[in-house]
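Pasted below: data.tsv, TSV, C-alpha atoms and all ligand atoms.
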chain	number	residue	atom	x	y	z
A	268	MET	CA	-19.91	150.85	263.14
A	269	LYS	CA	-16.69	152.71	262.43
A	270	VAL	CA	-14.70	153.10	259.22
A	271	MET	CA	-11.19	154.54	259.22
A	272	LEU	CA	-9.87	156.33	256.16
A	273	LEU	CA	-6.11	156.01	255.86
A	274	ASN	CA	-5.76	159.30	254.00
A	275	PRO	CA	-8.87	161.17	252.86
A	276	MET	CA	-10.91	159.49	250.13
A	277	LEU	CA	-10.47	160.73	246.57
A	278	HIS	CA	-13.78	162.61	246.75
A	279	LYS	CA	-15.99	163.71	249.64
A	280	ALA	CA	-18.97	161.84	248.10
A	281	GLY	CA	-17.58	158.54	249.48
A	282	GLU	CA	-17.42	159.82	253.05
A	283	GLU	CA	-20.93	161.28	252.75
A	284	TYR	CA	-22.16	157.90	251.48
A	285	LEU	CA	-20.70	156.13	254.55
A	286	LYS	CA	-22.24	158.69	256.91
A	287	SER	CA	-25.66	158.31	255.26
A	288	TYR	CA	-25.59	154.71	256.58
A	289	GLY	CA	-24.90	155.97	260.12
A	290	ILE	CA	-21.24	154.95	259.95
A	291	GLU	CA	-18.77	156.85	262.12
A	292	VAL	CA	-15.85	157.96	259.94
A	293	GLU	CA	-12.36	158.74	261.22
A	294	CYS	CA	-9.73	160.06	258.84
A	295	VAL	CA	-6.00	159.69	259.50
A	296	ARG	CA	-3.35	161.22	257.25
A	297	VAL	CA	-0.35	158.97	256.64
A	298	THR	CA	2.69	159.94	254.60
A	299	LYS	CA	4.41	156.54	254.49
A	300	LYS	CA	3.43	152.98	253.62
A	301	ASN	CA	3.89	151.77	257.21
A	302	VAL	CA	1.32	153.40	259.44
A	303	PRO	CA	3.13	154.89	262.50
A	304	ASN	CA	2.88	152.92	265.77
A	305	GLU	CA	1.07	155.73	267.60
A	306	ILE	CA	-1.91	155.36	265.20
A	307	LEU	CA	-2.33	151.63	265.86
A	308	PRO	CA	-4.31	151.87	269.16
A	309	ARG	CA	-6.97	153.89	267.29
A	310	LEU	CA	-7.73	150.77	265.20
A	311	HIS	CA	-9.09	148.68	268.10
A	312	ASP	CA	-12.78	149.45	267.31
A	313	VAL	CA	-12.54	149.87	263.53
A	314	ASP	CA	-14.86	147.69	261.37
A	315	GLY	CA	-13.74	148.88	257.94
A	316	LEU	CA	-10.69	150.55	256.36
A	317	ILE	CA	-10.37	152.52	253.14
A	318	VAL	CA	-6.71	152.88	252.21
A	319	ARG	CA	-5.15	155.38	249.86
A	320	LEU	CA	-1.47	155.57	248.91
A	321	PRO	CA	1.07	156.20	250.28
A	322	ALA	CA	-0.55	154.44	253.27
A	323	GLY	CA	-0.48	150.65	253.28
A	324	VAL	CA	-1.77	147.78	255.39
A	325	ASN	CA	0.68	145.31	256.95
A	326	LYS	CA	0.34	142.45	259.45
A	327	LYS	CA	1.08	144.71	262.41
A	328	LEU	CA	-1.79	147.00	261.51
A	329	LEU	CA	-4.14	144.04	260.93
A	330	ASP	CA	-3.30	142.58	264.33
A	331	ALA	CA	-4.10	145.94	265.96
A	332	ALA	CA	-7.64	145.85	264.49
A	333	PRO	CA	-9.49	142.85	266.02
A	334	LYS	CA	-12.95	144.00	264.80
A	335	LEU	CA	-11.85	144.69	261.21
A	336	LYS	CA	-14.03	142.99	258.58
A	337	VAL	CA	-13.19	144.74	255.32
A	338	ILE	CA	-10.45	146.75	253.60
A	339	SER	CA	-10.99	148.64	250.37
A	340	SER	CA	-8.26	150.23	248.29
A	341	SER	CA	-9.17	153.68	247.03
A	342	GLY	CA	-8.55	152.63	243.40
A	343	THR	CA	-7.53	149.43	241.60
A	344	GLY	CA	-4.02	148.61	242.80
A	345	THR	CA	-3.74	146.56	246.00
A	346	ASP	CA	0.02	146.05	246.20
A	347	HIS	CA	0.03	148.27	249.32
A	348	ILE	CA	-2.26	145.80	251.14
A	349	ASP	CA	-0.96	142.55	252.65
A	350	ILE	CA	-3.77	140.35	251.30
A	351	PRO	CA	-2.43	136.99	252.65
A	352	SER	CA	-2.34	138.39	256.22
A	353	ALA	CA	-5.81	139.93	255.79
A	354	THR	CA	-7.08	136.54	254.60
A	355	LYS	CA	-5.53	134.83	257.65
A	356	ASN	CA	-7.32	137.35	259.89
A	357	GLY	CA	-10.64	136.76	258.05
A	358	VAL	CA	-10.70	140.27	256.58
A	359	VAL	CA	-12.28	140.77	253.14
A	360	VAL	CA	-10.19	142.84	250.69
A	361	VAL	CA	-11.83	144.67	247.77
A	362	ASN	CA	-10.66	147.01	245.04
A	363	ASN	CA	-12.48	149.17	242.50
A	364	ALA	CA	-11.17	147.67	239.25
A	365	GLY	CA	-13.03	148.90	236.19
A	366	VAL	CA	-14.39	152.04	237.84
A	367	GLY	CA	-11.37	154.18	236.99
A	368	ALA	CA	-10.22	152.67	233.70
A	369	ARG	CA	-11.19	155.50	231.33
A	370	PRO	CA	-8.99	158.32	232.72
A	371	VAL	CA	-5.95	156.04	232.73
A	372	ALA	CA	-6.66	154.95	229.15
A	373	GLU	CA	-7.02	158.61	228.12
A	374	HIS	CA	-3.75	159.47	229.90
A	375	VAL	CA	-1.96	156.67	228.06
A	376	VAL	CA	-3.23	157.88	224.68
A	377	GLY	CA	-2.30	161.44	225.69
A	378	LEU	CA	1.26	160.30	226.45
A	379	MET	CA	1.42	158.44	223.12
A	380	LEU	CA	0.38	161.59	221.24
A	381	ALA	CA	2.67	163.85	223.28
A	382	LEU	CA	5.64	161.53	222.67
A	383	GLY	CA	5.03	160.92	218.96
A	384	LYS	CA	4.23	164.57	218.17
A	385	LYS	CA	6.90	165.82	220.63
A	386	ILE	CA	4.40	168.16	222.22
A	387	VAL	CA	6.11	168.60	225.60
A	388	MET	CA	9.57	168.87	224.05
A	389	SER	CA	8.49	171.51	221.50
A	390	ASN	CA	6.58	173.46	224.17
A	391	ASN	CA	9.74	173.59	226.31
A	392	ALA	CA	11.96	174.56	223.35
A	393	LEU	CA	9.57	177.28	222.19
A	394	LYS	CA	9.50	178.86	225.64
A	395	ARG	CA	13.27	178.49	226.01
A	396	ASN	CA	14.44	179.53	222.50
A	397	GLY	CA	11.47	181.25	220.87
A	398	TRP	CA	10.31	180.68	217.28
A	399	ASP	CA	13.79	179.62	216.11
A	400	SER	CA	13.06	176.29	217.78
A	401	ARG	CA	10.63	175.54	214.92
A	402	GLU	CA	13.37	175.06	212.34
A	403	THR	CA	15.33	172.78	214.70
A	404	PHE	CA	12.22	170.67	215.10
A	405	LEU	CA	11.60	170.41	211.39
A	406	GLN	CA	15.24	169.42	210.76
A	407	GLU	CA	15.98	167.17	213.74
A	408	ASN	CA	12.87	166.24	215.60
A	409	LEU	CA	9.98	165.77	213.21
A	410	GLY	CA	7.04	164.04	214.87
A	411	ASN	CA	5.22	160.82	214.00
A	412	GLU	CA	1.54	159.99	213.70
A	413	LEU	CA	-0.15	157.52	216.01
A	414	SER	CA	-2.62	156.54	213.30
A	415	GLY	CA	-1.92	153.23	211.67
A	416	LYS	CA	0.84	152.23	214.12
A	417	THR	CA	1.07	148.95	216.06
A	418	VAL	CA	0.36	149.27	219.78
A	419	GLY	CA	1.41	146.45	222.11
A	420	ILE	CA	-0.53	146.10	225.34
A	421	ILE	CA	0.84	143.96	228.16
A	422	GLY	CA	-1.92	143.14	230.67
A	423	PHE	CA	-5.28	143.22	228.88
A	424	GLY	CA	-7.71	143.87	231.74
A	425	HIS	CA	-10.02	146.86	232.19
A	426	ILE	CA	-7.46	149.60	231.41
A	427	GLY	CA	-5.64	147.67	228.69
A	428	ARG	CA	-8.90	146.99	226.84
A	429	ASP	CA	-10.20	150.54	227.30
A	430	THR	CA	-6.94	151.89	225.85
A	431	ALA	CA	-7.31	149.46	222.92
A	432	SER	CA	-10.86	150.65	222.28
A	433	ILE	CA	-9.87	154.35	222.11
A	434	LEU	CA	-6.91	153.57	219.85
A	435	LYS	CA	-8.80	151.26	217.55
A	436	ASN	CA	-11.77	153.58	217.08
A	437	GLY	CA	-9.94	156.90	217.07
A	438	PHE	CA	-6.61	156.09	215.44
A	439	ASN	CA	-7.08	152.88	213.49
A	440	THR	CA	-4.05	151.36	215.18
A	441	GLU	CA	-3.31	147.66	215.11
A	442	ILE	CA	-3.60	146.25	218.63
A	443	ILE	CA	-1.44	143.34	219.74
A	444	ALA	CA	-1.84	142.18	223.33
A	445	TYR	CA	-0.33	139.78	225.85
A	446	ASP	CA	-2.22	138.46	228.85
A	447	PRO	CA	-1.90	134.72	229.54
A	448	PHE	CA	-4.85	134.69	231.95
A	449	LEU	CA	-7.62	135.56	229.49
A	450	SER	CA	-9.60	133.50	226.99
A	451	ASP	CA	-9.21	133.94	223.20
A	452	GLU	CA	-12.71	135.39	223.12
A	453	VAL	CA	-11.59	138.48	225.10
A	454	PHE	CA	-9.00	139.32	222.41
A	455	GLN	CA	-11.50	138.64	219.60
A	456	ILE	CA	-14.14	140.95	221.10
A	457	ALA	CA	-11.51	143.69	221.50
A	458	ASN	CA	-10.37	143.17	217.90
A	459	ALA	CA	-6.82	142.58	219.12
A	460	LYS	CA	-4.22	140.09	217.92
A	461	ARG	CA	-3.26	137.78	220.76
A	462	CYS	CA	0.47	137.42	221.45
A	463	TYR	CA	1.92	134.59	223.50
A	464	SER	CA	5.04	136.28	224.83
A	465	ILE	CA	6.29	139.67	225.96
A	466	ARG	CA	9.12	139.24	223.48
A	467	GLU	CA	6.68	139.20	220.54
A	468	ILE	CA	5.13	142.49	221.74
A	469	CYS	CA	8.56	144.11	222.24
A	470	GLU	CA	9.73	143.14	218.77
A	471	LYS	CA	6.63	144.21	216.86
A	472	ALA	CA	5.12	147.25	218.57
A	473	ASP	CA	5.67	150.95	217.83
A	474	TYR	CA	4.16	151.84	221.21
A	475	ILE	CA	4.24	149.49	224.20
A	476	THR	CA	2.02	150.10	227.20
A	477	LEU	CA	1.83	148.16	230.48
A	478	HIS	CA	-1.40	147.53	232.39
A	479	LEU	CA	-0.36	144.98	234.97
A	480	PRO	CA	-0.96	144.62	238.70
A	481	TYR	CA	2.21	144.78	240.79
A	482	ILE	CA	2.64	141.32	242.30
A	483	LYS	CA	5.65	139.05	242.89
A	484	GLU	CA	5.37	137.62	239.36
A	485	THR	CA	5.33	141.03	237.68
A	486	HIS	CA	8.31	142.56	239.54
A	487	HIS	CA	10.67	143.95	236.83
A	488	ILE	CA	8.74	141.96	234.22
A	489	ILE	CA	10.24	144.42	231.73
A	490	GLY	CA	14.02	144.77	231.92
A	491	LYS	CA	17.19	145.41	229.93
A	492	GLU	CA	16.76	142.43	227.56
A	493	ASP	CA	13.28	143.63	226.60
A	494	PHE	CA	14.44	147.17	225.76
A	495	GLU	CA	17.21	145.65	223.65
A	496	ILE	CA	14.74	144.00	221.27
A	497	MET	CA	12.35	146.97	220.96
A	498	LYS	CA	12.40	149.07	217.79
A	499	PRO	CA	14.68	152.14	218.11
A	500	THR	CA	11.69	154.23	217.00
A	501	SER	CA	9.40	152.79	219.67
A	502	PHE	CA	7.88	154.52	222.68
A	503	PHE	CA	7.36	152.82	226.03
A	504	ILE	CA	4.60	153.74	228.49
A	505	ASN	CA	4.03	152.67	232.07
A	506	CYS	CA	0.93	153.86	233.91
A	507	SER	CA	0.52	150.73	236.05
A	508	ARG	CA	3.08	150.47	238.88
A	509	GLY	CA	6.70	151.61	238.98
A	510	ASN	CA	8.23	148.28	239.94
A	511	VAL	CA	6.83	146.27	237.06
A	512	VAL	CA	9.69	147.85	235.09
A	513	ASP	CA	13.39	147.98	235.85
A	514	GLN	CA	13.41	151.78	235.81
A	515	ASN	CA	17.23	152.04	235.57
A	516	ALA	CA	17.11	149.90	232.43
A	517	LEU	CA	14.34	152.10	231.03
A	518	ILE	CA	16.29	155.32	231.68
A	519	GLU	CA	19.38	153.77	230.12
A	520	ALA	CA	17.39	152.63	227.05
A	521	VAL	CA	16.14	156.20	226.47
A	522	ASN	CA	19.47	157.88	227.27
A	523	SER	CA	21.33	155.61	224.85
A	524	ARG	CA	18.59	156.11	222.22
A	525	ARG	CA	17.93	152.36	222.26
A	526	ILE	CA	14.26	153.43	222.21
A	527	ALA	CA	12.79	156.78	221.13
A	528	GLY	CA	11.17	157.85	224.38
A	529	ALA	CA	8.96	156.95	227.29
A	530	GLY	CA	5.95	158.12	229.26
A	531	ILE	CA	5.65	157.21	232.92
A	532	ASP	CA	3.05	158.01	235.55
A	533	VAL	CA	4.46	155.74	238.26
A	534	PHE	CA	7.78	155.35	240.07
A	535	PRO	CA	9.53	152.50	241.91
A	536	THR	CA	9.23	154.43	245.17
A	537	GLU	CA	6.49	156.96	245.67
A	538	PRO	CA	6.58	159.79	246.40
A	539	ALA	CA	9.59	160.03	244.04
A	540	SER	CA	12.29	162.45	245.14
A	541	LEU	CA	13.04	165.57	243.10
A	542	ALA	CA	16.48	164.08	242.33
A	543	GLU	CA	14.85	160.99	240.78
A	544	VAL	CA	12.66	163.16	238.58
A	545	GLU	CA	15.31	165.73	237.62
A	546	ILE	CA	17.61	163.11	236.10
A	547	LEU	CA	14.99	162.07	233.56
A	548	ASN	CA	15.88	162.75	229.95
A	549	GLU	CA	13.73	165.24	228.03
A	550	ARG	CA	12.41	162.33	225.98
A	551	ILE	CA	10.79	160.86	229.08
A	552	ILE	CA	7.49	162.49	229.90
A	553	ALA	CA	6.66	161.94	233.57
A	554	THR	CA	3.55	162.66	235.61
A	555	PRO	CA	3.14	162.14	239.39
A	556	HIS	CA	0.74	159.15	239.52
A	557	ILE	CA	-2.27	161.15	238.33
A	558	ALA	CA	-3.38	159.08	235.33
A	559	GLY	CA	-6.46	157.72	237.06
A	560	LEU	CA	-7.47	160.86	238.91
A	561	THR	CA	-10.19	163.11	237.52
A	562	GLU	CA	-13.11	164.90	239.11
A	563	GLU	CA	-15.58	162.45	237.51
A	564	THR	CA	-13.70	159.28	238.37
A	565	ASN	CA	-12.66	160.31	241.87
A	566	ARG	CA	-16.33	160.65	242.76
A	567	LYS	CA	-17.18	157.23	241.29
A	568	LEU	CA	-14.18	155.54	242.96
A	569	SER	CA	-14.92	156.96	246.39
A	570	VAL	CA	-18.58	155.91	246.22
A	571	SER	CA	-17.63	152.45	244.91
A	572	ALA	CA	-15.20	151.93	247.82
A	573	ALA	CA	-17.81	153.10	250.36
A	574	GLU	CA	-20.55	150.92	248.81
A	575	GLN	CA	-18.41	147.80	248.97
A	576	VAL	CA	-17.40	148.43	252.58
A	577	ILE	CA	-21.06	148.78	253.55
A	578	GLN	CA	-22.00	145.65	251.58
A	579	VAL	CA	-19.48	143.61	253.59
A	580	LEU	CA	-20.57	145.17	256.90
A	581	GLU	CA	-24.17	144.20	256.00
A	582	GLY	CA	-23.07	140.61	255.26
A	583	LYS	CA	-23.47	140.95	251.47
A	584	ARG	CA	-20.89	139.87	248.91
A	585	PRO	CA	-19.14	142.90	247.35
A	586	LYS	CA	-18.59	143.09	243.58
A	587	ASN	CA	-14.77	143.21	243.55
A	588	ILE	CA	-13.69	140.78	246.24
A	589	LEU	CA	-10.02	139.76	246.01
A	590	ASN	CA	-9.96	137.03	248.67
A	591	GLY	CA	-13.32	135.31	248.12
A	592	GLU	CA	-12.29	132.40	250.38
A	593	VAL	CA	-12.76	134.68	253.41
A	594	PHE	CA	-16.33	135.41	252.44
A	595	SER	CA	-17.26	131.82	251.66
A	596	VAL	CA	-16.29	130.59	255.15
A	597	ARG	CA	-18.55	133.12	256.92
A	601	LIG	N1	-1.54	155.29	237.20
A	601	LIG	C1	-2.72	155.25	237.77
A	601	LIG	O1	-3.26	156.29	238.17
A	601	LIG	C2	-3.45	153.94	237.89
A	601	LIG	C3	-4.85	153.95	238.07
A	601	LIG	C4	-5.51	152.74	238.14
A	601	LIG	C5	-4.81	151.55	238.07
A	601	LIG	N2	-3.45	151.56	237.92
A	601	LIG	C6	-2.69	150.29	237.82
A	601	LIG	O2	-3.10	149.62	236.64
A	601	LIG	C7	-3.17	148.22	236.91
A	601	LIG	C8	-4.15	147.56	235.94
A	601	LIG	O3	-5.48	148.02	236.22
A	601	LIG	P1	-6.77	147.31	235.58
A	601	LIG	O4	-7.96	148.00	236.12
A	601	LIG	O5	-6.60	147.15	234.11
A	601	LIG	O6	-6.63	145.88	236.28
A	601	LIG	P2	-7.27	144.51	235.78
A	601	LIG	O7	-7.19	143.61	236.95
A	601	LIG	O8	-8.56	144.75	235.12
A	601	LIG	O9	-6.23	144.00	234.64
A	601	LIG	C9	-4.94	143.55	234.90
A	601	LIG	C10	-4.63	142.46	233.88
A	601	LIG	O10	-3.27	142.07	234.03
A	601	LIG	C11	-3.21	140.67	233.73
A	601	LIG	N3	-1.99	140.08	234.25
A	601	LIG	C12	-1.70	139.74	235.55
A	601	LIG	N4	-0.46	139.22	235.60
A	601	LIG	C13	0.03	139.23	234.35
A	601	LIG	C14	1.27	138.81	233.76
A	601	LIG	N5	2.24	138.26	234.51
A	601	LIG	N6	1.44	138.96	232.43
A	601	LIG	C15	0.47	139.52	231.67
A	601	LIG	N7	-0.75	139.91	232.15
A	601	LIG	C16	-0.94	139.77	233.48
A	601	LIG	C17	-4.48	140.10	234.35
A	601	LIG	O11	-4.82	138.85	233.74
A	601	LIG	C18	-5.49	141.20	234.04
A	601	LIG	O12	-6.22	140.92	232.86
A	601	LIG	C19	-3.62	148.15	238.38
A	601	LIG	O13	-3.20	146.95	239.00
A	601	LIG	C20	-2.95	149.36	239.01
A	601	LIG	O14	-1.73	148.99	239.60
A	601	LIG	C21	-2.76	152.73	237.83

Could you write out this structure as structure tokens?
Amino acid sequence: MKVMLLNPMLHKAGEEYLKSYGIEVECVRVTKKNVPNEILPRLHDVDGLIVRLPAGVNKKLLDAAPKLKVISSSGTGTDHIDIPSATKNGVVVVNNAGVGARPVAEHVVGLMLALGKKIVMSNNALKRNGWDSRETFLQENLGNELSGKTVGIIGFGHIGRDTASILKNGFNTEIIAYDPFLSDEVFQIANAKRCYSIREICEKADYITLHLPYIKETHHIIGKEDFEIMKPTSFFINCSRGNVVDQNALIEAVNSRRIAGAGIDVFPTEPASLAEVEILNERIIATPHIAGLTEETNRKLSVSAAEQVIQVLEGKRPKNILNGEVFSVR
């Protein structure tokens, strides 16, 4: 059996796990979503694929891999994988949702603290202007506490709920959350107030954080009209996928002081160009899609991806199957 890694796995433990089952592993580095044509012939005898951004899987690639039985993303997001075409070709698609929730939740809380307490801004000013910057901060840029604030969470799955748990226990924040696909019980267990619209979250929250998958329905789910109804003191955070937000509208909302600031870990196109990053206002803290990546979690994610690939190759049902209909017809 052969598994191809489109880009190395997040940790070598995953590759070692595959090899311990006698699997042949081939690793191909890909810098764009569309895998170059010259790679395609190498897929003819591949049984499993593990795909890490920026590489993606499209119909052309699937058709070049007649033996393919399973594709795993390296993390949670699967917007880089054409699931309908995989389903048509009888290929199981899995992700590793839940495995990497904690580092993203910690990153979100870190951004909230850094924004409210102006940590990055004051660090930059101190290094630029020395101790004099302190007085400017006290006069013009005094920070705010996270404790006791209202945090609005849009998308209340693994990461949304983990973020809520840290905030509730550590900062006594009020959690309001929107996710139309969950039962009331989920909100009750998380001690969160259920909201029935994005509008309600935008109007009420001091911090708004998105934890949505990127799918057709979530494209630009947050846009200009939403920023217009947010509090001018509010902070907006996106650590899910760049295109769930209209990023131009976000930049404009911060530049015009419609909202107080933003924290983003994801961009509409990745890798983002230096020009796209350089134009960001000082009140936007940006990181290069690293929220979910830590030594501890990378190991767990890589082993989880390898385990699920082997489960499918052994005819067993994997834990995070995204197109169960493929498995049920086997
Ligand atoms: N920045 C990073 O490093 C990083 C790391 C991991 C995951 N992510 C992103 O975070 C996203 C969320 O991850 P997760 O593990 O919490 O996923 P999850 O599947 O556990 O939760 C997603 C939630 O979004 C909800 N949802 C779907 N469509 C919605 C809509 N239109 N309105 C409101 N809610 C909707 C779902 O019901 C679900 O509860 C992933 O899809 C991925 O894109 C980013």

| request: Using only C-alpha atoms and all ligand atoms, pick whichever of A:Arg566, A:Lys471, A:Lys435, A:His425 has the shortest atom-to-atom distance to ligand LIG 601 (chain A). | output: A:His425

Find the nearest atom pair between each residue of chain A and ligand LIG 601 (chain A) for residues within 6 Å, count all atoms listed in the file, give distances in Å to one decimal, sort rows by chain and ascending number, and present the table as JSON lines.
{"residue": "A:Thr343", "atom": "CA", "partner": "A:LIG601", "partner_atom": "C5", "distance": 4.9}
{"residue": "A:Gly344", "atom": "CA", "partner": "A:LIG601", "partner_atom": "O14", "distance": 4.0}
{"residue": "A:Ala364", "atom": "CA", "partner": "A:LIG601", "partner_atom": "O4", "distance": 4.5}
{"residue": "A:Gly365", "atom": "CA", "partner": "A:LIG601", "partner_atom": "O4", "distance": 5.1}
{"residue": "A:Ala368", "atom": "CA", "partner": "A:LIG601", "partner_atom": "O4", "distance": 5.7}
{"residue": "A:Val371", "atom": "CA", "partner": "A:LIG601", "partner_atom": "C3", "distance": 5.8}
{"residue": "A:Ile421", "atom": "CA", "partner": "A:LIG601", "partner_atom": "C15", "distance": 5.7}
{"residue": "A:Gly422", "atom": "CA", "partner": "A:LIG601", "partner_atom": "N7", "distance": 3.7}
{"residue": "A:Phe423", "atom": "CA", "partner": "A:LIG601", "partner_atom": "O12", "distance": 4.7}
{"residue": "A:Gly424", "atom": "CA", "partner": "A:LIG601", "partner_atom": "O9", "distance": 3.3}
{"residue": "A:His425", "atom": "CA", "partner": "A:LIG601", "partner_atom": "O8", "distance": 3.9}
{"residue": "A:Ile426", "atom": "CA", "partner": "A:LIG601", "partner_atom": "O5", "distance": 3.7}
{"residue": "A:Gly427", "atom": "CA", "partner": "A:LIG601", "partner_atom": "O5", "distance": 5.5}
{"residue": "A:Tyr445", "atom": "CA", "partner": "A:LIG601", "partner_atom": "C15", "distance": 5.9}
{"residue": "A:Asp446", "atom": "CA", "partner": "A:LIG601", "partner_atom": "N7", "distance": 3.9}
{"residue": "A:Pro447", "atom": "CA", "partner": "A:LIG601", "partner_atom": "C15", "distance": 5.8}
{"residue": "A:Phe448", "atom": "CA", "partner": "A:LIG601", "partner_atom": "O11", "distance": 4.5}
{"residue": "A:His478", "atom": "CA", "partner": "A:LIG601", "partner_atom": "C8", "distance": 4.5}
{"residue": "A:Leu479", "atom": "CA", "partner": "A:LIG601", "partner_atom": "O10", "distance": 4.2}
{"residue": "A:Pro480", "atom": "CA", "partner": "A:LIG601", "partner_atom": "O13", "distance": 3.2}
{"residue": "A:Tyr481", "atom": "CA", "partner": "A:LIG601", "partner_atom": "O14", "distance": 5.9}
{"residue": "A:Glu484", "atom": "CA", "partner": "A:LIG601", "partner_atom": "N5", "distance": 5.8}
{"residue": "A:Thr485", "atom": "CA", "partner": "A:LIG601", "partner_atom": "N5", "distance": 5.2}
{"residue": "A:Cys506", "atom": "CA", "partner": "A:LIG601", "partner_atom": "N1", "distance": 4.4}
{"residue": "A:Ser507", "atom": "CA", "partner": "A:LIG601", "partner_atom": "C6", "distance": 3.7}
{"residue": "A:Arg508", "atom": "CA", "partner": "A:LIG601", "partner_atom": "O14", "distance": 5.1}
{"residue": "A:Asp532", "atom": "CA", "partner": "A:LIG601", "partner_atom": "N1", "distance": 5.6}
{"residue": "A:His556", "atom": "CA", "partner": "A:LIG601", "partner_atom": "N1", "distance": 5.0}
{"residue": "A:Ile557", "atom": "CA", "partner": "A:LIG601", "partner_atom": "O1", "distance": 5.0}
{"residue": "A:Ala558", "atom": "CA", "partner": "A:LIG601", "partner_atom": "O1", "distance": 4.0}
{"residue": "A:Gly559", "atom": "CA", "partner": "A:LIG601", "partner_atom": "O1", "distance": 3.7}

| Atom pair atom CA of Cys469 of chain A / atom CA of Gly490 of chain A: separation (Å) |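 About the pair atom CA of Cys469 of chain A and atom CA of Gly490 of chain A: they are 11.1 Å apart.
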
| With only C-alpha atoms as the atoms that count, which of A:Val324, A:Leu589, A:His278, A:Lys269 lies nearest to Arg309 of chain A? |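 Comparing A:Val324, A:Leu589, A:His278, A:Lys269 against Arg309 of chain A, the winner is A:Lys269.
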
| Separation of atom CA of Thr500 of chain A from atom CA of Ala527 of chain A, in Å and rounded to one decimal |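 Pair atom CA of Thr500 of chain A / atom CA of Ala527 of chain A returns 5.0 Å.
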
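Checking A:Ile468, A:Leu316, A:Met268, A:Ile552 one by one against Asn505 of chain A, counting only C-alpha atoms, you find the shortest gap at A:Ile552.
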
| said: Would you compute the distance between atom CA of Gly419 of chain A and atom CA of Ile504 of chain A? Give it in Å to one decimal. | reply: 10.2 Å

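Excluding Leu409 of chain A itself and same-chain residues fewer than 2 positions from it, the residues having an atom within 12 Å of it are Leu382, Gly383, Lys384, Lys385, Ile386, Met388, Ser389, Ser400, Arg401, Glu402, Thr403, Phe404, Leu405, Gln406, Glu407, Asn411 and Glu412 of chain A, counting all atoms listed in the file.
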
| query | Leaving out Asn522 of chain A and any residue of its chain fewer than 5 positions from it, which residues lie within 9 Å of it when counting only C-alpha atoms, given as a list in words? | reply |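 Skipping anything fewer than 5 positions along the chain leaves Leu517, Gly528, Leu547, Asn548 and Arg550 of chain A.
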
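The environment of Arg524 of chain A within 12 Å, counting only C-alpha atoms and disregarding residues fewer than 4 places along the same chain, consists of A:Phe494, A:Glu495, A:Met497, A:Lys498, A:Pro499, A:Thr500, A:Ser501, A:Phe502, A:Leu517, A:Ile518, A:Glu519, A:Ala520, A:Gly528, A:Ala529, A:Asn548, A:Glu549, A:Arg550, A:Ile551.
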
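You can rank A:Asn304, A:Ser464, A:Thr536, A:Ser569 by their closest distance to Arg319 of chain A using all atoms listed in the file, and at the top of that list sits A:Ser569.
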
| field | All residues 9 Å or closer to segment 349-361 of chain A, only C-alpha atoms, same chain fewer than 4 positions away omitted, as a ChimeraX atom specification | value | /A:323-326,329-330,333,335-340,343,345,572,575-576,579,585-594,596-597

| Exercise: Glu563 of chain A partners within 12 Å, all atoms listed in the file, chain neighbours under 2 positions left out, as JSON, numbers by chain | {"A": [277, 278, 280, 366, 367, 368, 369, 370, 559, 560, 561, 565, 566, 567, 568, 569, 570]}

| query | A:Arg428, A:Arg466, A:Lys394, A:Lys460: which is nearest Val375 of chain A, counting all atoms listed in the file? | reply |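 Closest to Val375 of chain A of all the choices is A:Arg428.
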
Can you build me a table of segment 277-328 of chain A residues sitting at most 10 Å from segment 537-545 of chain A, with the closest atom pair per residue and its distance in Å to one decimal, using only C-alpha atoms, sorted by chain and residue number, as JSON lines?
{"residue": "A:Thr298", "atom": "CA", "partner": "A:Pro538", "partner_atom": "CA", "distance": 9.1}
{"residue": "A:Lys299", "atom": "CA", "partner": "A:Pro538", "partner_atom": "CA", "distance": 9.0}
{"residue": "A:Lys300", "atom": "CA", "partner": "A:Glu537", "partner_atom": "CA", "distance": 9.4}
{"residue": "A:Leu320", "atom": "CA", "partner": "A:Glu537", "partner_atom": "CA", "distance": 8.7}
{"residue": "A:Pro321", "atom": "CA", "partner": "A:Glu537", "partner_atom": "CA", "distance": 7.2}

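Across A:Ile443, A:Leu393, A:Ala331, A:Ile577, the tightest approach to Gly289 of chain A is made by A:Ile577 when counting only C-alpha atoms.
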
Place N, CA and C atoms on segment 385-390 of chain A and deliver the coordinates as a tab-separated table (two decimals), keeping the file's coordinate frame.
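Saved the output as out02.tsv:
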chain	number	residue	atom	x	y	z
A	385	LYS	N	5.89	165.03	219.88
A	385	LYS	CA	6.90	165.82	220.63
A	385	LYS	C	6.30	167.12	221.20
A	386	ILE	N	5.14	166.98	221.76
A	386	ILE	CA	4.40	168.16	222.22
A	386	ILE	C	5.09	168.82	223.43
A	387	VAL	N	5.49	168.01	224.41
A	387	VAL	CA	6.11	168.60	225.60
A	387	VAL	C	7.48	169.18	225.24
A	388	MET	N	8.23	168.43	224.44
A	388	MET	CA	9.57	168.87	224.05
A	388	MET	C	9.51	170.19	223.26
A	389	SER	N	8.56	170.30	222.33
A	389	SER	CA	8.49	171.51	221.50
A	389	SER	C	7.94	172.69	222.32
A	390	ASN	N	7.06	172.41	223.26
A	390	ASN	CA	6.58	173.46	224.17
A	390	ASN	C	7.76	174.04	224.96
